[in-house]
Amino acid sequence: MSGKHSQLTYRDAGVDIEAGDALVERIKPMAKRTMRPEVLGGIGGFGALFEVSKKYKNPVMVSGTDGVGTKLKLAFRMKKHDTVGIDLVAMSVNDILVSGAEPAFFLDYFACGKLDVGVAADVIKGVAEGCEQAGCALIGGETAEMPGMYDPNEYDLAGFAVGLVDKDKIIDGTKVAKGDVVIGLASSGPHSNGFTLIRKVIAVSGADLFEPFEGDKTLGQTLLEPTRIYVKPVLATLAKVEVKGLAHITGGGLVENIPRVLPDGVAAKLVASKWTMPWVFRWLRKQGNIEDAEMHRTFNCGIGMVMVVSRADAAATIASLAANGVEAFEIGEIVARNPDDPQTVIV
């Protein structure tokens with residue numbers, strides 16, 4: 001049996017077009033700061049146009065996509081939304097960096113149940129900040145308001161980056177050899193990995209996210225510290241030394257990410273005493289009663305990216321990274337490997 005209804009609008013159904021338009025206006029100046037000369041046209045088209053720079057002789061595109069994951073749950077609880085966008089950019093640009101690629105542009109996807117323009121603008125502000133840190137253009141994105149799909153006070157984020165590298169400069173790990181040195185680049189904390197376990201540790205330990213934790217930061221602020229973007233320091237170092245392999249330490253930790261850039265016949269032997277595991281990881285290990293093996297395959301444990309170089313280049317590599325703002329350590333070496341042995345060993 002049908003009855004008469006008043007005339008329905010999209011707003012009645014829960015979607016506020018005006019709010020979406022207001023957000024676009026808020027975002028425009030943020031995106032403008034990230035522009036590069038290769039970007040053609042402005043925000044508002046159906047597709048974003050990007051011209052390949054003439055500086056590449058034989059350009060190869062490298063792409064990566066990711067989200068922020070359950071770290072967002074902490075951002076919701078802390079009501080802090082201005083740094084998760086940095087995490088979003090970092091996860092993709094650090095991934096494509098390991099091929100030797102310079103990130104060229106980034107697109108984001110923001111989905112929510114009810115659009116809060118202030119919250120969304122804070123998130124995109126972080127995305128723009130991440131793009132500035134990576135030197136890539138925030139060339140476009142999508143905001144989706146979908147009532148019924150998400151809790152009204154929550155949102156989800158995804159994004160992807162495209163970078164460029166000359167074909168003869170692609171880093172693929174094939175040159176890695178026994179005797180090479182493994183350099184570890186310091187992380188800024190857990191980055192955006194292992195937060196389902198982190199949240200479990202918080203729950204079982206009864207820890208308060210708002211309690212003082214380290215320096216002038218609370219536990220929640222420490223855990224929300226954004227993922228370090230390694231693009232500029234690493235690109236500067238690639239111009240000075242031959243880097244044979246690069247690994248971004250994300251989900252799977254040190255144990256599972258380093259083998260992705262190693263040839264079959266070798267393994268990375270890391271010495272845990274060669275770097276200091278930051279306090280936040282030691283706290284997680286203690287509060288969660290987590291075994292070392294589980295720590296190493298879940299978290300970056302203080303090493304957010306790994307470089308493999310020849311021993312002759314080790315000192316110059318560490319010096320270059322330090323000059324560009326990233327502390328780095330010699331954390332191990334490449335050794336011969338039997339077929340059944342693991343490809344990363346931590347002693």
# chains A, B, ... in the order shown; residues from 1 in each chain; ligands from 1
>>> closest_atom_pairs(of="range 204-245 of chain A", to="range 54-69 of chain A", cutoff="12 Å", atoms="only C-alpha atoms", output="JSON lines")
{"residue": "A:Leu224", "atom": "CA", "partner": "A:Val68", "partner_atom": "CA", "distance": 11.1}
{"residue": "A:Pro226", "atom": "CA", "partner": "A:Val68", "partner_atom": "CA", "distance": 10.4}
{"residue": "A:Thr227", "atom": "CA", "partner": "A:Val68", "partner_atom": "CA", "distance": 10.0}
>>> residues_around(residues="range 134-139 of chain A", least_positions_apart="5", cutoff="6 Å", atoms="only C-alpha atoms", output="list in words")
Ala31, Thr34, Met35, Arg36, Pro103, Ala104, Phe105, Phe106 and Val231 of chain A
>>> closest_residue(among="A:His248, A:Arg228, A:Lys28, A:His296", to="His191 in chain A", atoms="only C-alpha atoms")
A:Arg228
>>> atom_distance(atom1="CA of Gly194 in chain A", atom2="CA of Val347 in chain A")
22.0 Å
>>> decode(residues="range 227-338 of chain A", atoms="C-alpha atoms", output="short mmCIF file (atom, residue, chain, number, x, y, z; two decimals), in the first residue's frame")
data_model
loop_
_atom_site.label_atom_id
_atom_site.label_comp_id
_atom_site.auth_asym_id
_atom_site.auth_seq_id
_atom_site.Cartn_x
_atom_site.Cartn_y
_atom_site.Cartn_z
CA THR A 227 54.47 8.22 9.40
CA ARG A 228 57.85 9.60 8.35
CA ILE A 229 58.05 10.47 4.65
CA TYR A 230 61.48 9.43 3.38
CA VAL A 231 61.22 10.80 -0.16
CA LYS A 232 63.47 13.85 -0.12
CA PRO A 233 66.31 12.40 2.04
CA VAL A 234 66.37 9.16 0.02
CA LEU A 235 66.26 10.88 -3.40
CA ALA A 236 69.11 13.16 -2.28
CA THR A 237 71.10 10.08 -1.23
CA LEU A 238 70.37 8.22 -4.48
CA ALA A 239 72.06 11.10 -6.30
CA LYS A 240 75.27 10.51 -4.32
CA VAL A 241 75.67 6.75 -3.81
CA GLU A 242 74.60 3.54 -5.52
CA VAL A 243 71.73 2.10 -3.51
CA LYS A 244 71.24 -1.57 -4.41
CA GLY A 245 68.03 -2.24 -2.51
CA LEU A 246 65.33 -0.32 -0.62
CA ALA A 247 62.56 -1.74 1.56
CA HIS A 248 59.68 0.15 3.19
CA ILE A 249 59.01 -1.47 6.58
CA THR A 250 55.22 -1.69 6.71
CA GLY A 251 52.82 -4.55 7.55
CA GLY A 252 54.95 -7.65 8.13
CA GLY A 253 57.63 -5.64 9.92
CA LEU A 254 61.35 -6.12 9.40
CA VAL A 255 61.05 -9.86 8.89
CA GLU A 256 58.70 -9.89 5.92
CA ASN A 257 59.53 -6.66 4.08
CA ILE A 258 63.30 -6.90 3.61
CA PRO A 259 63.12 -10.23 1.67
CA ARG A 260 60.97 -8.50 -0.97
CA VAL A 261 64.11 -6.76 -2.30
CA LEU A 262 66.65 -9.57 -1.91
CA PRO A 263 67.83 -12.12 -4.52
CA ASP A 264 67.27 -15.79 -3.63
CA GLY A 265 70.83 -16.68 -2.63
CA VAL A 266 71.29 -14.12 0.14
CA ALA A 267 69.75 -13.11 3.46
CA ALA A 268 69.81 -10.02 5.65
CA LYS A 269 71.38 -10.63 9.05
CA LEU A 270 70.35 -7.83 11.41
CA VAL A 271 71.81 -7.14 14.85
CA ALA A 272 69.12 -5.78 17.19
CA SER A 273 71.69 -4.09 19.47
CA LYS A 274 72.82 -1.87 16.56
CA TRP A 275 69.83 0.42 17.01
CA THR A 276 67.76 1.56 19.98
CA MET A 277 64.14 0.48 19.82
CA PRO A 278 62.08 3.59 20.70
CA TRP A 279 60.30 3.69 24.03
CA VAL A 280 56.81 3.29 22.49
CA PHE A 281 57.75 -0.16 21.13
CA ARG A 282 59.30 -1.23 24.43
CA TRP A 283 56.11 -0.11 26.18
CA LEU A 284 53.96 -2.13 23.74
CA ARG A 285 56.18 -5.20 24.19
CA LYS A 286 55.93 -5.01 27.98
CA GLN A 287 52.24 -4.13 28.28
CA GLY A 288 51.17 -6.71 25.71
CA ASN A 289 53.69 -9.39 26.78
CA ILE A 290 54.67 -9.61 23.10
CA GLU A 291 57.52 -11.90 22.05
CA ASP A 292 60.43 -10.40 20.08
CA ALA A 293 59.62 -12.48 16.99
CA GLU A 294 56.06 -11.12 17.02
CA MET A 295 57.36 -7.55 17.45
CA HIS A 296 59.70 -7.93 14.47
CA ARG A 297 57.00 -9.23 12.13
CA THR A 298 54.30 -6.77 13.23
CA PHE A 299 56.07 -3.43 13.84
CA ASN A 300 58.94 -1.50 12.31
CA CYS A 301 60.56 -1.45 15.79
CA GLY A 302 62.22 1.90 15.07
CA ILE A 303 63.38 1.23 11.48
CA GLY A 304 60.94 2.63 8.91
CA MET A 305 63.00 1.99 5.79
CA VAL A 306 66.03 -0.13 4.95
CA MET A 307 68.78 0.54 2.39
CA VAL A 308 71.31 -1.96 1.08
CA VAL A 309 74.62 -0.49 -0.12
CA SER A 310 78.16 -1.73 -0.63
CA ARG A 311 80.39 -1.51 2.45
CA ALA A 312 82.47 1.21 0.75
CA ASP A 313 79.36 3.43 0.50
CA ALA A 314 77.99 2.86 4.02
CA ALA A 315 79.52 5.91 5.73
CA ALA A 316 78.60 8.27 2.85
CA THR A 317 75.02 6.92 2.87
CA ILE A 318 74.55 7.53 6.61
CA ALA A 319 76.12 11.00 6.30
CA SER A 320 73.86 11.96 3.38
CA LEU A 321 70.73 10.84 5.21
CA ALA A 322 71.78 12.72 8.36
CA ALA A 323 72.43 15.88 6.32
CA ASN A 324 68.87 15.56 5.01
CA GLY A 325 67.26 15.12 8.40
CA VAL A 326 67.02 11.35 8.89
CA GLU A 327 69.01 9.45 11.49
CA ALA A 328 70.33 6.17 10.08
CA PHE A 329 72.33 3.25 11.44
CA GLU A 330 74.31 0.32 10.10
CA ILE A 331 72.08 -2.48 11.38
CA GLY A 332 73.38 -5.58 9.63
CA GLU A 333 74.84 -7.18 6.54
CA ILE A 334 73.95 -9.37 3.60
CA VAL A 335 75.07 -12.99 4.05
CA ALA A 336 74.91 -16.18 1.97
CA ARG A 337 71.69 -18.17 2.41
CA ASN A 338 70.80 -21.84 2.14
#
